file start_27.txt (compact mmCIF, C-alpha atoms)
# COMPACT_ATOMS: atom_id res chain seq x y z
CA MET A 1 -1.33 -2.16 30.59
CA THR A 2 -0.40 0.32 27.93
CA ARG A 3 0.76 3.58 29.41
CA HIS A 4 2.08 6.75 27.76
CA HIS A 5 2.70 5.17 24.33
CA PRO A 6 0.59 2.77 22.23
CA ASP A 7 1.92 -0.81 22.26
CA SER A 8 3.39 -2.39 19.13
CA LEU A 9 0.32 -4.50 18.48
CA SER A 10 -1.93 -1.46 18.32
CA LEU A 11 0.53 0.35 16.11
CA MET A 12 0.57 -2.66 13.82
CA GLU A 13 -3.23 -2.63 13.55
CA TYR A 14 -2.97 1.09 12.82
CA SER A 15 -0.31 0.59 10.15
CA ALA A 16 -2.35 -2.18 8.54
CA GLY A 17 -5.34 0.18 8.48
CA ASN A 18 -7.51 -2.10 10.59
CA LEU A 19 -8.47 0.23 13.42
CA SER A 20 -11.78 1.99 13.71
CA GLU A 21 -11.79 5.72 13.02
CA PRO A 22 -11.91 6.79 16.68
CA HIS A 23 -9.06 4.47 17.61
CA ALA A 24 -7.03 5.62 14.63
CA LEU A 25 -7.63 9.20 15.74
CA CYS A 26 -6.17 8.50 19.20
CA ILE A 27 -3.08 6.94 17.64
CA LYS A 28 -2.71 9.72 15.07
CA LEU A 29 -2.95 12.47 17.68
CA HIS A 30 -0.20 10.74 19.62
CA LEU A 31 1.97 10.17 16.50
CA ASP A 32 1.75 13.84 15.58
CA LYS A 33 3.67 14.67 18.75
CA CYS A 34 5.80 11.55 19.28
CA SER A 35 8.65 11.00 16.85
CA HIS A 36 9.60 7.80 18.62
CA CYS A 37 6.26 6.16 17.85
CA ARG A 38 6.27 7.68 14.37
CA SER A 39 9.49 5.86 13.71
CA ARG A 40 7.97 2.60 14.98
CA VAL A 41 5.04 3.11 12.59
CA ASP A 42 7.45 3.79 9.72
CA THR A 43 9.00 0.38 10.33
CA LEU A 44 5.58 -1.22 10.46
CA ASP A 45 4.57 0.52 7.22
CA SER A 46 7.69 -0.99 5.66
CA LEU A 47 6.59 -4.37 6.96
CA GLY A 48 3.29 -3.78 5.13
CA ALA A 49 5.18 -2.95 1.94
CA VAL A 50 7.28 -6.10 2.20
CA MET A 51 4.19 -8.23 2.88
CA MET A 52 2.51 -6.71 -0.19
CA GLU A 53 5.52 -7.46 -2.38
CA GLN A 54 5.68 -11.10 -1.25
CA GLN A 55 2.15 -12.04 -2.28
CA PRO A 56 1.28 -14.10 -5.37
CA LYS A 57 1.54 -12.23 -8.65
CA VAL A 58 -1.59 -11.22 -10.54
CA THR A 59 -1.77 -9.37 -13.85
CA VAL A 60 -3.03 -5.92 -14.65
CA SER A 61 -4.03 -4.93 -18.14
CA GLU A 62 -2.12 -2.35 -20.13
CA SER A 63 -5.43 -0.67 -20.94
CA MET A 64 -5.76 0.16 -17.26
CA PHE A 65 -2.63 2.24 -17.51
CA ASP A 66 -4.18 4.11 -20.44
CA SER A 67 -7.27 4.89 -18.35
CA ILE A 68 -5.03 6.16 -15.57
CA LEU A 69 -3.18 8.40 -18.03
CA SER A 70 -6.42 9.83 -19.32
CA ARG A 71 -7.52 10.49 -15.75
CA ILE A 72 -4.37 12.44 -14.95
CA ASP A 73 -4.55 14.27 -18.28
CA SER A 74 -8.02 15.47 -17.44
CA GLU A 75 -6.73 17.10 -14.26
CA PRO A 76 -7.06 20.89 -14.38
CA SER A 77 -3.32 21.33 -14.84
CA GLY A 78 -0.99 19.02 -16.72
CA GLU A 79 1.26 18.83 -13.72
CA PRO A 80 0.73 16.91 -10.53
CA ALA A 81 -1.35 18.87 -8.13
CA THR A 82 0.23 19.77 -4.84
CA PRO A 83 -2.15 18.60 -2.18
CA ALA A 84 -2.19 21.18 0.54
CA ILE A 85 -0.50 19.71 3.56
CA PRO A 86 -3.27 19.78 6.14
CA ARG A 87 -2.52 22.53 8.58
CA VAL A 88 -5.78 22.01 10.39
CA SER A 89 -5.48 18.94 12.55
CA ALA A 90 -8.16 16.29 12.76
CA LEU A 91 -8.84 17.52 16.26
CA GLN A 92 -9.54 21.06 15.12
CA LYS A 93 -11.79 19.79 12.35
CA LEU A 94 -13.76 17.81 14.89
CA LEU A 95 -13.83 20.16 17.84
CA GLY A 96 -12.77 23.62 16.70
CA GLU A 97 -10.06 25.77 18.16
CA ASP A 98 -11.02 26.00 21.79
CA LEU A 99 -11.62 22.85 23.76
CA ASN A 100 -12.57 24.82 26.84
CA SER A 101 -15.56 26.48 25.23
CA LEU A 102 -17.26 23.27 24.10
CA PRO A 103 -20.76 22.62 25.48
CA TRP A 104 -19.48 20.64 28.45
CA LYS A 105 -21.95 18.87 30.71
CA ARG A 106 -21.07 19.07 34.35
CA GLN A 107 -21.31 15.59 35.74
CA LEU A 108 -20.11 15.22 39.25
CA GLY A 109 -17.88 17.45 41.32
CA ASP A 110 -14.87 18.37 39.24
CA VAL A 111 -15.79 16.27 36.21
CA SER A 112 -17.50 17.41 32.99
CA VAL A 113 -18.18 15.30 29.92
CA LEU A 114 -19.16 15.66 26.28
CA ASP A 115 -20.23 12.74 24.14
CA ILE A 116 -18.94 13.16 20.57
CA THR A 117 -19.89 9.71 19.27
CA ASP A 118 -22.07 11.32 16.59
CA ARG A 119 -18.99 12.85 14.95
CA PHE A 120 -18.02 9.34 13.86
CA PRO A 121 -21.00 8.14 11.86
CA GLY A 122 -21.14 4.39 11.33
CA GLN A 123 -18.60 3.57 14.03
CA LYS A 124 -19.42 1.18 16.85
CA GLU A 125 -17.48 2.75 19.68
CA GLN A 126 -18.54 5.43 22.03
CA VAL A 127 -16.32 8.51 21.95
CA VAL A 128 -16.32 10.81 24.95
CA LEU A 129 -14.42 13.92 25.94
CA GLN A 130 -13.93 14.54 29.60
CA LYS A 131 -12.65 17.40 31.62
CA LEU A 132 -11.28 17.30 35.11
CA ALA A 133 -11.04 20.80 36.59
CA ALA A 134 -7.52 21.99 37.47
CA GLY A 135 -6.55 20.49 40.81
CA GLY A 136 -9.75 18.46 40.79
CA LYS A 137 -10.11 14.86 41.91
CA ALA A 138 -12.23 12.10 40.50
CA PRO A 139 -13.54 9.35 42.76
CA ALA A 140 -11.79 5.97 42.67
CA HIS A 141 -13.22 3.73 39.98
CA THR A 142 -12.51 0.81 37.69
CA HIS A 143 -13.21 0.42 33.98
CA ARG A 144 -15.50 -1.95 32.20
CA GLY A 145 -14.33 -3.20 28.84
CA GLU A 146 -11.41 -1.43 27.25
CA GLU A 147 -10.96 2.27 27.18
CA THR A 148 -8.38 4.05 25.04
CA THR A 149 -7.57 7.57 26.18
CA ILE A 150 -5.38 10.38 24.95
CA VAL A 151 -4.68 13.55 26.92
CA LEU A 152 -5.59 16.62 24.84
CA GLN A 153 -4.85 19.31 27.37
CA GLY A 154 -3.28 19.58 30.81
CA ALA A 155 -2.23 16.50 32.73
CA PHE A 156 -3.58 14.01 35.20
CA ALA A 157 -1.93 11.72 37.68
CA ASP A 158 -2.98 8.47 39.25
CA GLN A 159 -1.25 5.91 41.47
CA LYS A 160 0.88 4.74 38.57
CA GLY A 161 2.14 7.96 37.13
CA VAL A 162 1.56 11.31 35.49
CA PHE A 163 -0.09 11.58 32.10
CA ASN A 164 0.83 14.67 30.13
CA GLN A 165 -0.57 16.17 26.98
CA TRP A 166 -0.58 13.65 24.07
CA ASP A 167 0.12 10.72 26.38
CA PHE A 168 -1.74 7.60 25.47
CA VAL A 169 -3.27 5.14 27.91
CA VAL A 170 -5.41 2.02 27.63
CA LEU A 171 -7.34 0.99 30.73
CA THR A 172 -9.30 -2.18 31.34
CA ASP A 173 -11.45 -3.58 34.12
CA GLU A 174 -8.30 -4.56 35.99
CA ASP A 175 -7.22 -0.99 36.44
CA GLU A 176 -8.63 0.82 39.38
CA HIS A 177 -7.48 4.38 39.64
CA LYS A 178 -8.17 7.69 41.28
CA PRO A 179 -7.06 10.44 38.91
CA VAL A 180 -6.20 13.97 39.91
CA ALA A 181 -5.76 16.87 37.48
CA VAL A 182 -2.27 18.24 37.97
CA GLY A 183 -0.89 21.58 36.83
CA CYS A 184 -2.79 24.80 36.49
CA GLU A 185 -4.94 23.82 33.51
CA ASP A 186 -8.10 21.76 33.34
CA CYS A 187 -7.24 18.28 32.12
CA ILE A 188 -9.13 17.30 28.96
CA THR A 189 -9.01 13.77 27.56
CA LEU A 190 -10.55 11.95 24.64
CA SER A 191 -11.65 8.37 25.29
CA VAL A 192 -12.83 5.61 23.03
CA LEU A 193 -14.88 2.88 24.65
CA SER A 194 -14.68 -0.33 22.67
CA ALA A 195 -17.74 -2.04 24.11
CA PRO A 196 -21.04 -0.38 23.34
CA VAL A 197 -22.47 0.91 26.59
CA LYS A 198 -26.13 1.08 27.44
CA LEU A 199 -27.17 4.41 28.82
CA THR A 200 -29.62 3.47 31.51
CA GLY A 201 -29.17 5.96 34.28
CA THR A 202 -27.01 8.58 35.88
CA PHE A 203 -24.74 5.96 37.30
CA THR A 204 -23.87 4.22 34.04
CA ARG A 205 -23.60 7.52 32.26
CA MET A 206 -20.41 8.22 34.14
CA LEU A 207 -18.21 6.49 31.65
CA ASN A 208 -14.86 8.05 31.50
CA PRO A 209 -11.34 7.45 32.75
CA PHE A 210 -12.13 9.67 35.69
CA ILE A 211 -15.39 8.16 36.77
CA ARG A 212 -16.90 4.90 35.82
CA MET B 1 20.24 18.61 12.68
CA THR B 2 22.33 15.51 13.16
CA THR B 3 25.24 14.21 11.20
CA LEU B 4 23.08 11.44 9.90
CA ASP B 5 21.57 13.41 7.06
CA GLN B 6 24.66 15.31 6.04
CA LYS B 7 26.34 12.39 4.43
CA PRO B 8 24.43 10.13 2.10
CA ALA B 9 25.16 7.22 4.38
CA ASN B 10 21.68 6.28 3.30
CA SER B 11 22.93 5.46 -0.17
CA GLU B 12 20.71 2.44 0.03
CA GLY B 13 17.83 4.77 -0.70
CA ARG B 14 19.55 5.96 -3.85
CA LYS B 15 20.15 2.44 -5.03
CA ASP B 16 16.51 1.51 -4.73
CA PRO B 17 15.30 1.82 -8.35
CA TRP B 18 11.65 2.35 -7.39
CA SER B 19 12.47 5.27 -5.17
CA GLN B 20 14.48 6.82 -7.99
CA MET B 21 11.62 6.39 -10.42
CA LEU B 22 9.10 7.82 -8.03
CA GLN B 23 11.39 10.79 -7.56
CA LYS B 24 11.47 11.28 -11.36
CA VAL B 25 7.69 11.24 -11.49
CA GLY B 26 7.56 13.88 -8.79
CA LYS B 27 10.24 16.11 -10.28
CA ASN B 28 9.72 15.79 -14.02
CA GLN B 29 6.33 14.12 -14.40
CA ASP B 30 8.30 11.33 -16.06
CA ARG B 31 5.72 9.01 -17.63
CA GLU B 32 8.15 6.26 -18.43
CA ALA B 33 9.09 6.00 -14.78
CA TYR B 34 5.40 6.19 -13.88
CA HIS B 35 4.71 3.27 -16.22
CA ALA B 36 7.53 1.24 -14.66
CA LEU B 37 6.01 1.86 -11.23
CA PHE B 38 2.64 0.75 -12.56
CA GLU B 39 4.08 -2.49 -13.91
CA HIS B 40 5.77 -3.26 -10.62
CA PHE B 41 3.25 -2.07 -8.05
CA GLY B 42 -0.01 -2.32 -10.03
CA PRO B 43 -0.23 -6.14 -9.67
CA GLN B 44 0.65 -5.91 -5.96
CA ILE B 45 -2.12 -3.43 -5.30
CA LYS B 46 -4.60 -5.49 -7.31
CA TYR B 47 -3.75 -8.54 -5.24
CA TYR B 48 -4.06 -6.48 -2.07
CA ALA B 49 -7.60 -5.44 -3.06
CA MET B 50 -8.52 -9.04 -3.89
CA ALA B 51 -7.11 -10.36 -0.60
CA ASN B 52 -9.03 -7.93 1.54
CA GLY B 53 -12.43 -8.50 0.00
CA LEU B 54 -12.51 -5.74 -2.59
CA ALA B 55 -12.17 -8.15 -5.54
CA SER B 56 -14.92 -6.49 -7.56
CA HIS B 57 -13.27 -3.12 -7.02
CA ALA B 58 -9.67 -4.29 -7.46
CA GLU B 59 -9.00 -2.44 -10.71
CA GLU B 60 -10.74 0.66 -9.41
CA LEU B 61 -8.46 0.62 -6.38
CA VAL B 62 -5.35 0.27 -8.56
CA GLN B 63 -6.50 3.30 -10.57
CA GLU B 64 -7.24 5.39 -7.50
CA VAL B 65 -3.87 4.53 -6.00
CA PHE B 66 -2.00 5.47 -9.18
CA VAL B 67 -3.86 8.73 -9.65
CA SER B 68 -3.02 9.51 -6.04
CA ILE B 69 0.65 8.57 -6.62
CA TRP B 70 0.78 11.00 -9.56
CA ARG B 71 -0.81 13.81 -7.58
CA ARG B 72 1.34 13.42 -4.50
CA SER B 73 4.62 12.40 -6.09
CA CYS B 74 5.95 15.94 -5.76
CA LEU B 75 5.78 15.47 -1.98
CA TYR B 76 7.78 12.26 -2.10
CA ASP B 77 11.26 12.37 -0.57
CA TRP B 78 13.36 9.22 -0.96
CA ARG B 79 15.33 10.14 2.18
CA LYS B 80 12.20 9.85 4.27
CA ALA B 81 10.60 6.68 2.95
CA ALA B 82 11.29 3.96 0.43
CA ALA B 83 8.94 4.11 -2.56
CA SER B 84 7.38 0.76 -1.70
CA THR B 85 6.59 1.88 1.86
CA TRP B 86 5.14 5.15 0.61
CA ILE B 87 3.04 3.35 -2.02
CA PHE B 88 1.84 0.77 0.51
CA THR B 89 0.48 3.54 2.74
CA ILE B 90 -1.25 5.20 -0.23
CA ALA B 91 -2.85 1.87 -1.14
CA ARG B 92 -3.94 1.39 2.48
CA ASN B 93 -5.43 4.88 2.63
CA GLN B 94 -7.24 4.54 -0.69
CA ARG B 95 -8.70 1.23 0.46
CA ILE B 96 -9.91 2.81 3.69
CA ASP B 97 -11.28 5.75 1.75
CA MET B 98 -13.12 3.49 -0.67
CA LEU B 99 -14.70 1.52 2.17
CA ARG B 100 -15.68 4.69 4.00
CA LYS B 101 -17.40 6.01 0.88
CA MET B 102 -19.20 2.72 0.29
CA GLN B 103 -20.44 2.50 3.85
CA ARG B 104 -21.72 6.02 3.91
CA THR B 105 -24.28 6.98 1.35
CA SER B 106 -24.46 10.71 1.78
CA ALA B 107 -23.48 11.21 5.39
CA GLU B 108 -20.64 13.63 5.65
CA MET B 109 -17.23 12.60 6.90
CA PRO B 110 -16.01 15.37 9.15
CA VAL B 111 -12.55 13.83 9.30
CA GLU B 112 -10.81 12.72 6.13
CA THR B 113 -8.90 9.47 5.82
CA GLU B 114 -5.64 11.39 5.55
CA ASP B 115 -6.31 13.13 8.83
CA LEU B 116 -6.31 9.73 10.51
CA TRP B 117 -3.74 7.73 8.55
CA GLN B 118 -0.58 9.52 7.63
CA ILE B 119 1.66 8.95 4.63
CA PRO B 120 5.27 8.61 5.84
CA GLY B 121 7.58 11.51 5.16
CA GLU B 122 4.78 14.03 4.73
CA ASN B 123 4.97 15.24 8.28
CA GLU B 124 6.42 18.72 8.03
CA ASN B 125 7.82 18.49 11.54
CA GLU B 126 10.11 15.69 10.46
CA PRO B 127 13.27 17.33 9.19
CA VAL B 128 15.67 14.50 9.82
CA THR B 129 15.95 11.30 7.95
CA SER B 130 16.84 8.32 10.02
CA LEU B 131 19.19 5.74 8.71
CA HIS B 132 17.01 3.25 10.47
CA ARG B 133 14.10 4.12 8.21
CA LEU B 134 16.05 3.42 5.07
CA MET B 135 17.52 0.25 6.40
CA SER B 136 14.25 -1.08 7.60
CA GLU B 137 12.84 -2.57 4.41
CA ARG B 138 15.95 -4.57 3.66
CA ARG B 139 16.20 -5.67 7.26
CA ILE B 140 12.54 -6.69 7.34
CA ARG B 141 12.88 -8.66 4.13
CA GLU B 142 15.84 -10.53 5.59
CA SER B 143 14.23 -11.12 8.98
CA LEU B 144 10.97 -12.32 7.45
CA SER B 145 12.74 -15.16 5.68
CA HIS B 146 13.75 -16.52 9.09
CA LEU B 147 10.33 -16.32 10.73
CA PRO B 148 8.28 -19.47 11.26
CA GLU B 149 5.38 -19.88 8.88
CA GLU B 150 2.78 -19.52 11.64
CA GLN B 151 4.02 -16.02 12.44
CA ILE B 152 4.09 -14.94 8.80
CA THR B 153 0.54 -16.27 8.33
CA VAL B 154 -0.73 -14.09 11.15
CA ILE B 155 1.05 -10.98 9.87
CA ALA B 156 -0.20 -11.60 6.33
CA LYS B 157 -3.79 -11.84 7.57
CA VAL B 158 -3.43 -8.57 9.45
CA TYR B 159 -1.80 -6.65 6.58
CA MET B 160 -3.25 -8.24 3.46
CA GLU B 161 -6.67 -9.44 4.57
CA ASN B 162 -7.08 -6.58 7.03
CA LYS B 163 -8.22 -8.79 9.84
CA SER B 164 -7.97 -7.66 13.42
CA HIS B 165 -6.04 -9.84 15.83
CA GLN B 166 -9.38 -11.06 17.17
CA MET B 167 -10.62 -11.99 13.69
CA VAL B 168 -7.38 -13.86 12.98
CA ALA B 169 -7.83 -15.78 16.24
CA ASP B 170 -11.41 -16.70 15.31
CA GLU B 171 -10.44 -17.79 11.82
CA LEU B 172 -7.47 -19.92 12.85
CA ASP B 173 -9.42 -21.17 15.87
CA ILE B 174 -6.67 -20.29 18.30
CA PRO B 175 -6.83 -18.09 21.40
CA LEU B 176 -6.37 -14.34 20.97
CA GLY B 177 -3.37 -14.56 23.30
CA THR B 178 -1.66 -16.97 20.89
CA VAL B 179 -2.18 -14.58 17.98
CA LYS B 180 -0.77 -11.73 20.03
CA SER B 181 2.24 -13.71 21.14
CA ARG B 182 2.99 -14.77 17.55
CA VAL B 183 2.81 -11.14 16.46
CA ARG B 184 5.01 -10.08 19.37
CA LEU B 185 7.59 -12.74 18.58
CA ALA B 186 7.64 -11.64 14.96
CA LEU B 187 7.84 -7.93 15.77
CA ASN B 188 10.57 -8.70 18.23
CA LYS B 189 12.66 -10.29 15.51
CA LEU B 190 11.82 -7.41 13.22
CA LYS B 191 13.14 -5.11 15.96
CA VAL B 192 9.90 -3.20 16.34
CA ILE B 193 9.43 -4.35 19.92
CA LEU B 194 13.02 -3.67 20.88
CA GLN B 195 12.34 -0.01 20.45
CA ASP B 196 9.52 -0.26 22.97
CA GLN B 197 12.03 -0.85 25.69
CA ASN B 198 13.55 2.56 25.22
CA VAL B 199 10.22 4.27 25.85
call {"tool": "encode", "arguments": {"input": "start_27.txt", "output": "structure tokens"}}
result
Amino acid sequence: MTRHHPDSLSLMEYSAGNLSEPHALCIKLHLDKCSHCRSRVDTLDSLGAVMMEQQPKVTVSESMFDSILSRIDSEPSGEPATPAIPRVSALQKLLGEDLNSLPWKRQLGDVSVLDITDRFPGQKEQVVLQKLAAGGKAPAHTHRGEETTIVLQGAFADQKGVFNQWDFVVLTDEDEHKPVAVGCEDCITLSVLSAPVKLTGTFTRMLNPFIR
Amino acid sequence: MTTLDQKPANSEGRKDPWSQMLQKVGKNQDREAYHALFEHFGPQIKYYAMANGLASHAEELVQEVFVSIWRRSCLYDWRKAAASTWIFTIARNQRIDMLRKMQRTSAEMPVETEDLWQIPGENENEPVTSLHRLMSERRIRESLSHLPEEQITVIAKVYMENKSHQMVADELDIPLGTVKSRVRLALNKLKVILQDQNV
């Protein structure tokens, strides 16, 4: 099971650009804070470049270059524009500044959830935020299908270890765990559920790494 | 920060003609260098579009990628990424962007493609250049020539045809586990997996 860092296969699918938007978001949030994984992705991006260079040769017309030149000449300034380096992270764009003030829905005991699937139009996965109150415990549970989770705030621990902010974890139906929020902050995670889940009742609505 | 970036031990980056040309485009808006990049990478990007099912938009993708190269070239730093790696990620992002726009008529996209897929070397928190990064393309090229065909086929389908591991398994009619083990074997030889062990 993948714990703390994404595995190489997932990073390869990321580098190739084959992941869904919610999965790519989980990886990107982790990469932003993990130089080790960033370096692994750099290598994989180079693999992509080498694969691209080793494909059969096709031709491009010289007139295409002229169209490109006229496109860049029609830019407001004759010089290359400096794209503003995004200072607002994807997370802030999606959820705003304060995760704690989101319209959380209290679910059971120490657990609150917020379904943000609608922020990813056209994507198949379900995307859920969950919050485990500081010091809170979630009941033991297993997972159905595959669930990719990244810790956005605080930390949680289960039998196998402690998951801190920006840690990455993939859980499947073989993983039973009993998470506890550790530290003095509420633990907030973002989870992507690969299999579409039918919402049929209170019981099946508890889909998160804490309760499922 | 470390001694690595004080000495141009990474002279390999300097020797790479494409990285030099890209640097000239960024610094001096050098159109001759830009044209040379177009002649070298334009056909590769066109093939990339054709391989991943965008054949009818192949020339459009090449144009979008080159306009993007022009616009961002001032951010390019040869010490942080080889030109070909940097251009590959721009092509990947423009492809994703094109597909996102096609699939969504007017629905807004709260998160932009760039927020999800980063271009190497544009992370402002990355002050240090690793020698490893500059070595990697040459090393990958060398290692690839020793890989068995079946492993290269799988990697090509993932990178060029943009098929998930599951789709590759379905197409080749082999179990998903076999696809994954071929990828792992290949990545192992390419030293990507080795780094996992230090985690």
call {"tool": "closest_residue", "arguments": {"input": "start_27.txt", "among": "A:Tyr14, A:His30, A:Val60, A:Arg106", "to": "A:Gly48", "atoms": "all atoms listed in the file"}}
result
A:Tyr14
call {"tool": "closest_residue", "arguments": {"input": "start_27.txt", "among": "B:Pro175, B:Gly53, B:Gly42, B:Pro17", "to": "chain A", "atoms": "all atoms listed in the file"}}
result
B:Gly42
call {"tool": "closest_residue", "arguments": {"input": "start_27.txt", "among": "A:Asn100, A:Asp110, A:His141, A:Phe168", "to": "A:Ile188", "atoms": "all atoms listed in the file"}}
result
A:Asn100
call {"tool": "atom_distance", "arguments": {"input": "start_27.txt", "atom1": "atom CA of A:Glu146", "atom2": "atom CA of A:Asp173"}}
result
7.2 Å
call {"tool": "closest_residue", "arguments": {"input": "start_27.txt", "among": "A:Cys34, A:Leu11, A:Val50, A:Ser63", "to": "chain B", "atoms": "only C-alpha atoms"}}
result
A:Val50
call {"tool": "residues_around", "arguments": {"input": "start_27.txt", "residues": "B:Ala33", "least_positions_apart": "4", "cutoff": "9 Å", "atoms": "only C-alpha atoms", "output": "MDAnalysis selection string"}}
result
chainID B and resid 18 20:25 29 37:38
call {"tool": "atom_distance", "arguments": {"input": "start_27.txt", "atom1": "atom CA of B:Ala91", "atom2": "atom CA of B:Val65"}}
result
5.6 Å
call {"tool": "closest_atom_pairs", "arguments": {"input": "start_27.txt", "of": "chain A", "to": "chain B", "cutoff": "6 Å", "atoms": "only C-alpha atoms", "output": "Markdown table"}}
result
| residue | atom | partner | partner_atom | distance |
| --- | --- | --- | --- | --- |
| A:Ala16 | CA | B:Tyr159 | CA | 4.9 |
| A:Asn18 | CA | B:Asn162 | CA | 5.7 |
| A:Ala24 | CA | B:Leu116 | CA | 5.9 |
| A:Leu25 | CA | B:Leu116 | CA | 5.4 |
| A:Lys28 | CA | B:Leu116 | CA | 5.8 |
| A:Asp45 | CA | B:Thr85 | CA | 5.9 |
| A:Ser46 | CA | B:Thr85 | CA | 4.9 |
| A:Ala49 | CA | B:Thr85 | CA | 5.0 |
| A:Val58 | CA | B:Pro43 | CA | 5.3 |
| A:Thr59 | CA | B:Pro43 | CA | 5.5 |
| A:Val60 | CA | B:Pro43 | CA | 5.7 |
| A:Ile68 | CA | B:Gln63 | CA | 5.9 |
| A:Pro80 | CA | B:Arg71 | CA | 4.5 |
| A:Ala81 | CA | B:Arg71 | CA | 5.1 |
| A:Ala90 | CA | B:Asp115 | CA | 5.4 |
